[in-house]
There are 2 protein chains.
Amino acid sequence: MPDKQFNALNYSDPMVTRILDAGEQCVQRFGIRRTSMGEVARVGRLSRGSIYRHFNDKEALVEGIFRRRQEMFLNRTEAQLLKEKTLVDKLTESVLAGRRDMREGIFAALAEIEPETMAVMFLDARFYQRSAAFWPPHVRMAQQAGEISAAVNEAVVTDLVLRLAVSLVMFPKMGIELKTRRALRDYLYHVFHRELGVHD
Amino acid sequence: MPDKQFNALNYSDPMVTRILDAGEQCVQRFGIRRTSMGEVARVGRLSRGSIYRHFNDKEALVEGIFRRRQEMFLNRTEAQLLKEKTLVDKLTESVLAGRRDMREGIFAALAEIEPETMAVMFLDARFYQRSAAFWPPHVRMAQQAGEISAAVNEAVVTDLVLRLAVSLVMFPKMGIELKTRRALRDYLYHVFHRELGVHD
DNA sequence: AAATGAACAAAAAGTGATTATTGTTTATTG
DNA sequence: CAATAAACAATAATCACTTTTTGTTCATTT
């Protein structure tokens, strides 16, 4: 069997994308539980054996489907963020984009069909850690632009941004209601640009 | 039937606490699914009818069990926080206490037996909103003590504190590893007491 | 080389009859 | 009164059984 390294998805291989396309279509329509490898093969007009050549098992296929979705989300968001000038604006738009993704497509469908599956996935830190590499460049840019203090620890800001993004997508309301773009931006501006505590 | 107002748990009624005690014992041992009202009655040495007098249905009983646990947690934490001087220290200890609660008792047991149930519960914003009333007094204290700027919006700080608490309990590692008390405190100090962004 | 299709045992999911549990009611007890 | 115990239909869980699916192998095809 070909030595597959951990989770390396080769999107340039047309067979891989065909499998992922078919798989995503099935999962979105019927949910993970009700999707069989045979069904995926049938929808993708390929053999069951081919799927198993590229994905060790059903779990790997499902993970591949979500991994690709997430990467597509990050790429799409990355493009959108180029238009935003400040870190606060970038974070605002990311949260709005994240919420949009949760309302439509495969996430919304699964949340309706198999809420437990979605819940377990969203509580898995690995799901978010994949996007940990996304923010540091933007944090650095903000520091170079003088928006974020250059003295502050980049890793800390990155972690904070990631935590806020996740929290704000999952919970539009926690202490206060942060549903509109306006409320969201004001909140984030407050957190990043108002002196919260007294300095040393 | 007695006019039960929404979710008002009367802990001074010994029958209520007996039901909750028995219920919690059962849920911790067997999980929610495998716990029957008859079993709770047997463990608590009372009649099934008595349970239904105090709780509309099984769901209400389960919610009551977790509500009481949460209130006990908040009371216990509140007492502990009186010893802490700063908001950062309070938040640090709250997170550590929260993580402890997740590792032992009914939460740890359920996470093992019925992870989907736990996941769904933890993704319900209502679960956290109950503790929204917990933080404002501490935020105000910190403002009066000069730790947090008096100019800053109290509701925003409360929301931020709540989001950070939830996020840090759920995900000890997101961007960076925040597992030790030391790392946690340094991180929170950074967030609250280092100038993140440039002010207006 | 990679994809296919068929074959296979082991595991998982579906099925339908049986049993247990739920939520409600009612008469009885302390 | 509040708690109890028994009775009840409706719902949900369980069990033994059948069918499907999984993951693997291998000879054949493209």
# chains A, B, ... in the order shown; residues from 1 in each chain; ligands from 1
>>> calpha_fit_and_write(fixed="chain B", moving="chain A", output="PDB file with C-alpha atoms, in the first residue's frame")
ATOM      1  CA  MET A   1     -50.682  20.707  39.937  1.00  0.00           C
ATOM      2  CA  PRO A   2     -48.558  23.266  41.801  1.00  0.00           C
ATOM      3  CA  ASP A   3     -47.676  26.263  39.685  1.00  0.00           C
ATOM      4  CA  LYS A   4     -43.977  25.746  39.192  1.00  0.00           C
ATOM      5  CA  GLN A   5     -42.246  28.835  37.918  1.00  0.00           C
ATOM      6  CA  PHE A   6     -39.583  28.286  35.324  1.00  0.00           C
ATOM      7  CA  ASN A   7     -36.697  26.397  36.829  1.00  0.00           C
ATOM      8  CA  ALA A   8     -36.955  27.703  40.366  1.00  0.00           C
ATOM      9  CA  LEU A   9     -35.206  25.066  42.447  1.00  0.00           C
ATOM     10  CA  ASN A  10     -36.116  25.123  46.117  1.00  0.00           C
ATOM     11  CA  TYR A  11     -33.075  23.669  47.836  1.00  0.00           C
ATOM     12  CA  SER A  12     -34.615  24.220  51.267  1.00  0.00           C
ATOM     13  CA  ASP A  13     -37.200  21.553  50.445  1.00  0.00           C
ATOM     14  CA  PRO A  14     -35.625  18.308  51.669  1.00  0.00           C
ATOM     15  CA  MET A  15     -37.610  16.315  49.098  1.00  0.00           C
ATOM     16  CA  VAL A  16     -36.043  18.321  46.265  1.00  0.00           C
ATOM     17  CA  THR A  17     -32.519  17.755  47.495  1.00  0.00           C
ATOM     18  CA  ARG A  18     -33.254  14.074  48.065  1.00  0.00           C
ATOM     19  CA  ILE A  19     -34.437  13.743  44.469  1.00  0.00           C
ATOM     20  CA  LEU A  20     -31.448  15.679  43.158  1.00  0.00           C
ATOM     21  CA  ASP A  21     -29.031  13.640  45.263  1.00  0.00           C
ATOM     22  CA  ALA A  22     -30.474  10.364  44.044  1.00  0.00           C
ATOM     23  CA  GLY A  23     -30.644  11.630  40.467  1.00  0.00           C
ATOM     24  CA  GLU A  24     -27.063  12.836  40.448  1.00  0.00           C
ATOM     25  CA  GLN A  25     -25.865   9.547  41.908  1.00  0.00           C
ATOM     26  CA  CYS A  26     -27.649   7.589  39.167  1.00  0.00           C
ATOM     27  CA  VAL A  27     -26.531   9.849  36.325  1.00  0.00           C
ATOM     28  CA  GLN A  28     -22.949   9.773  37.526  1.00  0.00           C
ATOM     29  CA  ARG A  29     -23.005   5.979  37.746  1.00  0.00           C
ATOM     30  CA  PHE A  30     -24.983   5.007  34.664  1.00  0.00           C
ATOM     31  CA  GLY A  31     -25.330   8.095  32.514  1.00  0.00           C
ATOM     32  CA  ILE A  32     -28.503   9.981  31.598  1.00  0.00           C
ATOM     33  CA  ARG A  33     -29.798   7.490  29.053  1.00  0.00           C
ATOM     34  CA  ARG A  34     -29.558   4.507  31.381  1.00  0.00           C
ATOM     35  CA  THR A  35     -31.086   6.303  34.353  1.00  0.00           C
ATOM     36  CA  SER A  36     -34.825   5.759  34.759  1.00  0.00           C
ATOM     37  CA  MET A  37     -37.139   7.736  36.999  1.00  0.00           C
ATOM     38  CA  GLY A  38     -37.985   4.483  38.781  1.00  0.00           C
ATOM     39  CA  GLU A  39     -34.311   3.923  39.525  1.00  0.00           C
ATOM     40  CA  VAL A  40     -33.959   7.439  40.912  1.00  0.00           C
ATOM     41  CA  ALA A  41     -37.005   6.828  43.106  1.00  0.00           C
ATOM     42  CA  ARG A  42     -35.569   3.551  44.342  1.00  0.00           C
ATOM     43  CA  VAL A  43     -32.163   5.058  45.133  1.00  0.00           C
ATOM     44  CA  GLY A  44     -33.776   8.033  46.876  1.00  0.00           C
ATOM     45  CA  ARG A  45     -36.284   5.791  48.709  1.00  0.00           C
ATOM     46  CA  LEU A  46     -39.242   7.785  47.496  1.00  0.00           C
ATOM     47  CA  SER A  47     -42.092   7.389  45.042  1.00  0.00           C
ATOM     48  CA  ARG A  48     -41.956   8.067  41.352  1.00  0.00           C
ATOM     49  CA  GLY A  49     -44.955  10.359  41.818  1.00  0.00           C
ATOM     50  CA  SER A  50     -42.976  12.611  44.149  1.00  0.00           C
ATOM     51  CA  ILE A  51     -40.334  13.158  41.522  1.00  0.00           C
ATOM     52  CA  TYR A  52     -42.963  14.167  38.999  1.00  0.00           C
ATOM     53  CA  ARG A  53     -44.495  16.536  41.555  1.00  0.00           C
ATOM     54  CA  HIS A  54     -41.217  18.472  41.697  1.00  0.00           C
ATOM     55  CA  PHE A  55     -39.924  18.024  38.166  1.00  0.00           C
ATOM     56  CA  ASN A  56     -42.117  18.161  35.077  1.00  0.00           C
ATOM     57  CA  ASP A  57     -40.193  15.432  33.302  1.00  0.00           C
ATOM     58  CA  LYS A  58     -36.870  13.653  33.121  1.00  0.00           C
ATOM     59  CA  GLU A  59     -35.326  16.498  31.147  1.00  0.00           C
ATOM     60  CA  ALA A  60     -36.239  18.960  33.913  1.00  0.00           C
ATOM     61  CA  LEU A  61     -34.712  16.651  36.507  1.00  0.00           C
ATOM     62  CA  VAL A  62     -31.468  16.346  34.567  1.00  0.00           C
ATOM     63  CA  GLU A  63     -31.361  20.103  34.077  1.00  0.00           C
ATOM     64  CA  GLY A  64     -31.955  20.536  37.794  1.00  0.00           C
ATOM     65  CA  ILE A  65     -29.063  18.239  38.608  1.00  0.00           C
ATOM     66  CA  PHE A  66     -26.664  20.200  36.426  1.00  0.00           C
ATOM     67  CA  ARG A  67     -28.042  23.532  37.517  1.00  0.00           C
ATOM     68  CA  ARG A  68     -27.373  22.657  41.144  1.00  0.00           C
ATOM     69  CA  ARG A  69     -23.869  21.426  40.323  1.00  0.00           C
ATOM     70  CA  GLN A  70     -23.170  24.658  38.505  1.00  0.00           C
ATOM     71  CA  GLU A  71     -24.510  26.770  41.364  1.00  0.00           C
ATOM     72  CA  MET A  72     -22.420  24.792  43.824  1.00  0.00           C
ATOM     73  CA  PHE A  73     -19.419  25.357  41.589  1.00  0.00           C
ATOM     74  CA  LEU A  74     -20.070  29.099  41.451  1.00  0.00           C
ATOM     75  CA  ASN A  75     -20.541  29.298  45.230  1.00  0.00           C
ATOM     76  CA  ARG A  76     -17.383  27.318  45.869  1.00  0.00           C
ATOM     77  CA  THR A  77     -15.481  29.450  43.374  1.00  0.00           C
ATOM     78  CA  GLU A  78     -16.922  32.655  44.836  1.00  0.00           C
ATOM     79  CA  ALA A  79     -15.565  31.695  48.254  1.00  0.00           C
ATOM     80  CA  GLN A  80     -12.167  30.894  46.796  1.00  0.00           C
ATOM     81  CA  LEU A  81     -12.073  34.178  44.889  1.00  0.00           C
ATOM     82  CA  LEU A  82     -12.396  36.198  48.073  1.00  0.00           C
ATOM     83  CA  LYS A  83      -8.813  35.199  48.731  1.00  0.00           C
ATOM     84  CA  GLU A  84      -7.603  36.492  45.376  1.00  0.00           C
ATOM     85  CA  LYS A  85      -6.687  40.164  45.098  1.00  0.00           C
ATOM     86  CA  THR A  86      -6.777  40.878  41.357  1.00  0.00           C
ATOM     87  CA  LEU A  87      -9.244  40.110  38.568  1.00  0.00           C
ATOM     88  CA  VAL A  88      -6.463  38.305  36.718  1.00  0.00           C
ATOM     89  CA  ASP A  89      -5.839  36.059  39.724  1.00  0.00           C
ATOM     90  CA  LYS A  90      -9.554  35.449  40.119  1.00  0.00           C
ATOM     91  CA  LEU A  91      -9.922  34.472  36.493  1.00  0.00           C
ATOM     92  CA  THR A  92      -6.858  32.238  36.717  1.00  0.00           C
ATOM     93  CA  GLU A  93      -8.256  30.366  39.704  1.00  0.00           C
ATOM     94  CA  SER A  94     -11.710  30.095  38.132  1.00  0.00           C
ATOM     95  CA  VAL A  95     -10.279  28.444  35.049  1.00  0.00           C
ATOM     96  CA  LEU A  96      -8.238  26.028  37.147  1.00  0.00           C
ATOM     97  CA  ALA A  97     -11.309  25.235  39.270  1.00  0.00           C
ATOM     98  CA  GLY A  98     -13.395  24.739  36.143  1.00  0.00           C
ATOM     99  CA  ARG A  99     -10.853  22.336  34.693  1.00  0.00           C
ATOM    100  CA  ARG A 100     -10.748  20.445  37.996  1.00  0.00           C
ATOM    101  CA  ASP A 101     -14.529  20.066  37.885  1.00  0.00           C
ATOM    102  CA  MET A 102     -14.279  18.733  34.351  1.00  0.00           C
ATOM    103  CA  ARG A 103     -11.821  16.085  35.460  1.00  0.00           C
ATOM    104  CA  GLU A 104     -13.780  14.718  38.404  1.00  0.00           C
ATOM    105  CA  GLY A 105     -17.346  14.046  39.545  1.00  0.00           C
ATOM    106  CA  ILE A 106     -20.377  13.966  37.328  1.00  0.00           C
ATOM    107  CA  PHE A 107     -18.842  15.888  34.423  1.00  0.00           C
ATOM    108  CA  ALA A 108     -15.881  13.575  34.019  1.00  0.00           C
ATOM    109  CA  ALA A 109     -18.118  10.523  34.408  1.00  0.00           C
ATOM    110  CA  LEU A 110     -20.590  11.705  31.783  1.00  0.00           C
ATOM    111  CA  ALA A 111     -17.846  12.783  29.404  1.00  0.00           C
ATOM    112  CA  GLU A 112     -16.676   9.180  29.475  1.00  0.00           C
ATOM    113  CA  ILE A 113     -20.090   7.458  29.331  1.00  0.00           C
ATOM    114  CA  GLU A 114     -22.043   9.841  27.077  1.00  0.00           C
ATOM    115  CA  PRO A 115     -19.627  12.233  25.343  1.00  0.00           C
ATOM    116  CA  GLU A 116     -22.253  13.393  22.823  1.00  0.00           C
ATOM    117  CA  THR A 117     -24.570  14.487  25.616  1.00  0.00           C
ATOM    118  CA  MET A 118     -21.777  16.468  27.255  1.00  0.00           C
ATOM    119  CA  ALA A 119     -20.742  18.004  23.944  1.00  0.00           C
ATOM    120  CA  VAL A 120     -24.271  19.168  23.173  1.00  0.00           C
ATOM    121  CA  MET A 121     -24.569  20.648  26.667  1.00  0.00           C
ATOM    122  CA  PHE A 122     -21.286  22.517  26.406  1.00  0.00           C
ATOM    123  CA  LEU A 123     -22.316  24.030  23.104  1.00  0.00           C
ATOM    124  CA  ASP A 124     -25.494  25.430  24.609  1.00  0.00           C
ATOM    125  CA  ALA A 125     -24.920  29.109  25.361  1.00  0.00           C
ATOM    126  CA  ARG A 126     -27.551  28.975  28.131  1.00  0.00           C
ATOM    127  CA  PHE A 127     -25.187  26.789  30.131  1.00  0.00           C
ATOM    128  CA  TYR A 128     -22.746  29.675  30.414  1.00  0.00           C
ATOM    129  CA  GLN A 129     -25.187  32.549  30.493  1.00  0.00           C
ATOM    130  CA  ARG A 130     -26.254  31.374  33.921  1.00  0.00           C
ATOM    131  CA  SER A 131     -22.845  32.460  35.203  1.00  0.00           C
ATOM    132  CA  ALA A 132     -23.082  35.842  33.472  1.00  0.00           C
ATOM    133  CA  ALA A 133     -24.290  37.383  36.738  1.00  0.00           C
ATOM    134  CA  PHE A 134     -21.242  36.041  38.536  1.00  0.00           C
ATOM    135  CA  TRP A 135     -18.567  38.388  37.207  1.00  0.00           C
ATOM    136  CA  PRO A 136     -19.887  41.993  37.207  1.00  0.00           C
ATOM    137  CA  PRO A 137     -19.283  42.543  40.941  1.00  0.00           C
ATOM    138  CA  HIS A 138     -15.694  41.364  40.552  1.00  0.00           C
ATOM    139  CA  VAL A 139     -15.189  43.584  37.525  1.00  0.00           C
ATOM    140  CA  ARG A 140     -16.547  46.543  39.510  1.00  0.00           C
ATOM    141  CA  MET A 141     -14.255  45.705  42.421  1.00  0.00           C
ATOM    142  CA  ALA A 142     -11.294  45.629  40.064  1.00  0.00           C
ATOM    143  CA  GLN A 143     -12.297  49.000  38.691  1.00  0.00           C
ATOM    144  CA  GLN A 144     -12.621  50.480  42.165  1.00  0.00           C
ATOM    145  CA  ALA A 145      -9.245  49.045  43.113  1.00  0.00           C
ATOM    146  CA  GLY A 146      -7.735  50.700  40.058  1.00  0.00           C
ATOM    147  CA  GLU A 147      -6.758  47.408  38.441  1.00  0.00           C
ATOM    148  CA  ILE A 148      -9.166  47.847  35.534  1.00  0.00           C
ATOM    149  CA  SER A 149      -9.688  51.276  34.024  1.00  0.00           C
ATOM    150  CA  ALA A 150     -12.869  52.897  35.326  1.00  0.00           C
ATOM    151  CA  ALA A 151     -13.512  54.313  31.863  1.00  0.00           C
ATOM    152  CA  VAL A 152     -13.955  50.892  30.277  1.00  0.00           C
ATOM    153  CA  ASN A 153     -17.408  49.402  29.706  1.00  0.00           C
ATOM    154  CA  GLU A 154     -18.225  46.970  32.513  1.00  0.00           C
ATOM    155  CA  ALA A 155     -20.453  44.778  30.322  1.00  0.00           C
ATOM    156  CA  VAL A 156     -17.682  44.402  27.773  1.00  0.00           C
ATOM    157  CA  VAL A 157     -15.134  43.328  30.372  1.00  0.00           C
ATOM    158  CA  THR A 158     -17.659  40.913  31.873  1.00  0.00           C
ATOM    159  CA  ASP A 159     -18.337  39.363  28.487  1.00  0.00           C
ATOM    160  CA  LEU A 160     -14.626  39.118  27.741  1.00  0.00           C
ATOM    161  CA  VAL A 161     -13.918  37.505  31.107  1.00  0.00           C
ATOM    162  CA  LEU A 162     -16.720  34.995  30.592  1.00  0.00           C
ATOM    163  CA  ARG A 163     -15.584  34.137  27.069  1.00  0.00           C
ATOM    164  CA  LEU A 164     -11.980  33.705  28.192  1.00  0.00           C
ATOM    165  CA  ALA A 165     -13.039  31.550  31.139  1.00  0.00           C
ATOM    166  CA  VAL A 166     -15.146  29.255  28.958  1.00  0.00           C
ATOM    167  CA  SER A 167     -12.548  29.088  26.208  1.00  0.00           C
ATOM    168  CA  LEU A 168      -9.666  28.391  28.590  1.00  0.00           C
ATOM    169  CA  VAL A 169     -11.550  25.642  30.423  1.00  0.00           C
ATOM    170  CA  MET A 170     -12.648  23.963  27.189  1.00  0.00           C
ATOM    171  CA  PHE A 171      -9.344  24.401  25.351  1.00  0.00           C
ATOM    172  CA  PRO A 172      -6.190  24.443  27.510  1.00  0.00           C
ATOM    173  CA  LYS A 173      -4.318  24.738  24.237  1.00  0.00           C
ATOM    174  CA  MET A 174      -5.523  26.800  21.322  1.00  0.00           C
ATOM    175  CA  GLY A 175      -2.728  28.924  19.834  1.00  0.00           C
ATOM    176  CA  ILE A 176      -0.389  28.395  22.758  1.00  0.00           C
ATOM    177  CA  GLU A 177      -0.316  25.891  25.598  1.00  0.00           C
ATOM    178  CA  LEU A 178      -1.967  27.292  28.713  1.00  0.00           C
ATOM    179  CA  LYS A 179      -1.968  24.325  31.036  1.00  0.00           C
ATOM    180  CA  THR A 180      -0.055  25.484  34.089  1.00  0.00           C
ATOM    181  CA  ARG A 181      -1.237  28.129  36.570  1.00  0.00           C
ATOM    182  CA  ARG A 182       1.869  30.118  35.703  1.00  0.00           C
ATOM    183  CA  ALA A 183       1.272  30.108  31.928  1.00  0.00           C
ATOM    184  CA  LEU A 184      -2.390  30.896  32.448  1.00  0.00           C
ATOM    185  CA  ARG A 185      -1.736  33.843  34.750  1.00  0.00           C
ATOM    186  CA  ASP A 186       0.963  35.289  32.511  1.00  0.00           C
ATOM    187  CA  TYR A 187      -1.363  35.025  29.528  1.00  0.00           C
ATOM    188  CA  LEU A 188      -4.251  36.747  31.284  1.00  0.00           C
ATOM    189  CA  TYR A 189      -1.953  39.420  32.679  1.00  0.00           C
ATOM    190  CA  HIS A 190      -0.763  40.047  29.151  1.00  0.00           C
ATOM    191  CA  VAL A 191      -4.319  40.373  27.845  1.00  0.00           C
ATOM    192  CA  PHE A 192      -5.522  42.685  30.587  1.00  0.00           C
ATOM    193  CA  HIS A 193      -2.451  44.690  31.515  1.00  0.00           C
ATOM    194  CA  ARG A 194      -0.320  45.103  28.433  1.00  0.00           C
ATOM    195  CA  GLU A 195      -1.286  47.679  25.916  1.00  0.00           C
ATOM    196  CA  LEU A 196      -2.502  45.547  23.009  1.00  0.00           C
ATOM    197  CA  GLY A 197      -3.504  48.266  20.578  1.00  0.00           C
ATOM    198  CA  VAL A 198      -2.877  51.928  20.163  1.00  0.00           C
ATOM    199  CA  HIS A 199      -5.471  54.183  21.768  1.00  0.00           C
ATOM    200  CA  ASP A 200      -7.470  57.018  20.274  1.00  0.00           C
TER     201      ASP A 200
END
>>> interface_residues(of="chain C", to="chain A", cutoff="10 Å", atoms="only C-alpha atoms (C1' of nucleotides)", output="list in words")
DA2, DA3, DT4, DG5 and DA13 of chain C
>>> closest_atom_pairs(of="chain D", to="chain A", cutoff="10 Å", atoms="only C-alpha atoms (C1' of nucleotides)", output="tab-separated table")
residue	atom	partner	partner_atom	distance
D:DT20	C1'	A:Ser36	CA	9.7
D:DT21	C1'	A:Ser36	CA	7.0
D:DT22	C1'	A:Met37	CA	8.4
D:DG23	C1'	A:Asp57	CA	7.4
D:DT24	C1'	A:Tyr52	CA	9.7
>>> residues_around(residues="DA13 of chain D", least_positions_apart="4", cutoff="9 Å", atoms="only C-alpha atoms (C1' of nucleotides)", output="list in words")
DT19, DA20 and DT21 of chain C
>>> select_by_dssp(residues="segment 17-164 of chain A", states="alpha helix (DSSP H)", output="ChimeraX atom specification")
/A:17-30,37-44,48-54,58-81,87-103,105-113,115-122,125-129,136-144,154-164
>>> select_by_dssp(residues="chain A", states="strand (DSSP E or B)", output="PyMOL selection string")
chain A and resi 148+173+177+197
>>> atom_distance(atom1="atom C1' of DT29 of chain C", atom2="atom C1' of DA3 of chain D")
8.4 Å
>>> atom_distance(atom1="atom C1' of DA2 of chain D", atom2="atom C1' of DG30 of chain C")
9.6 Å
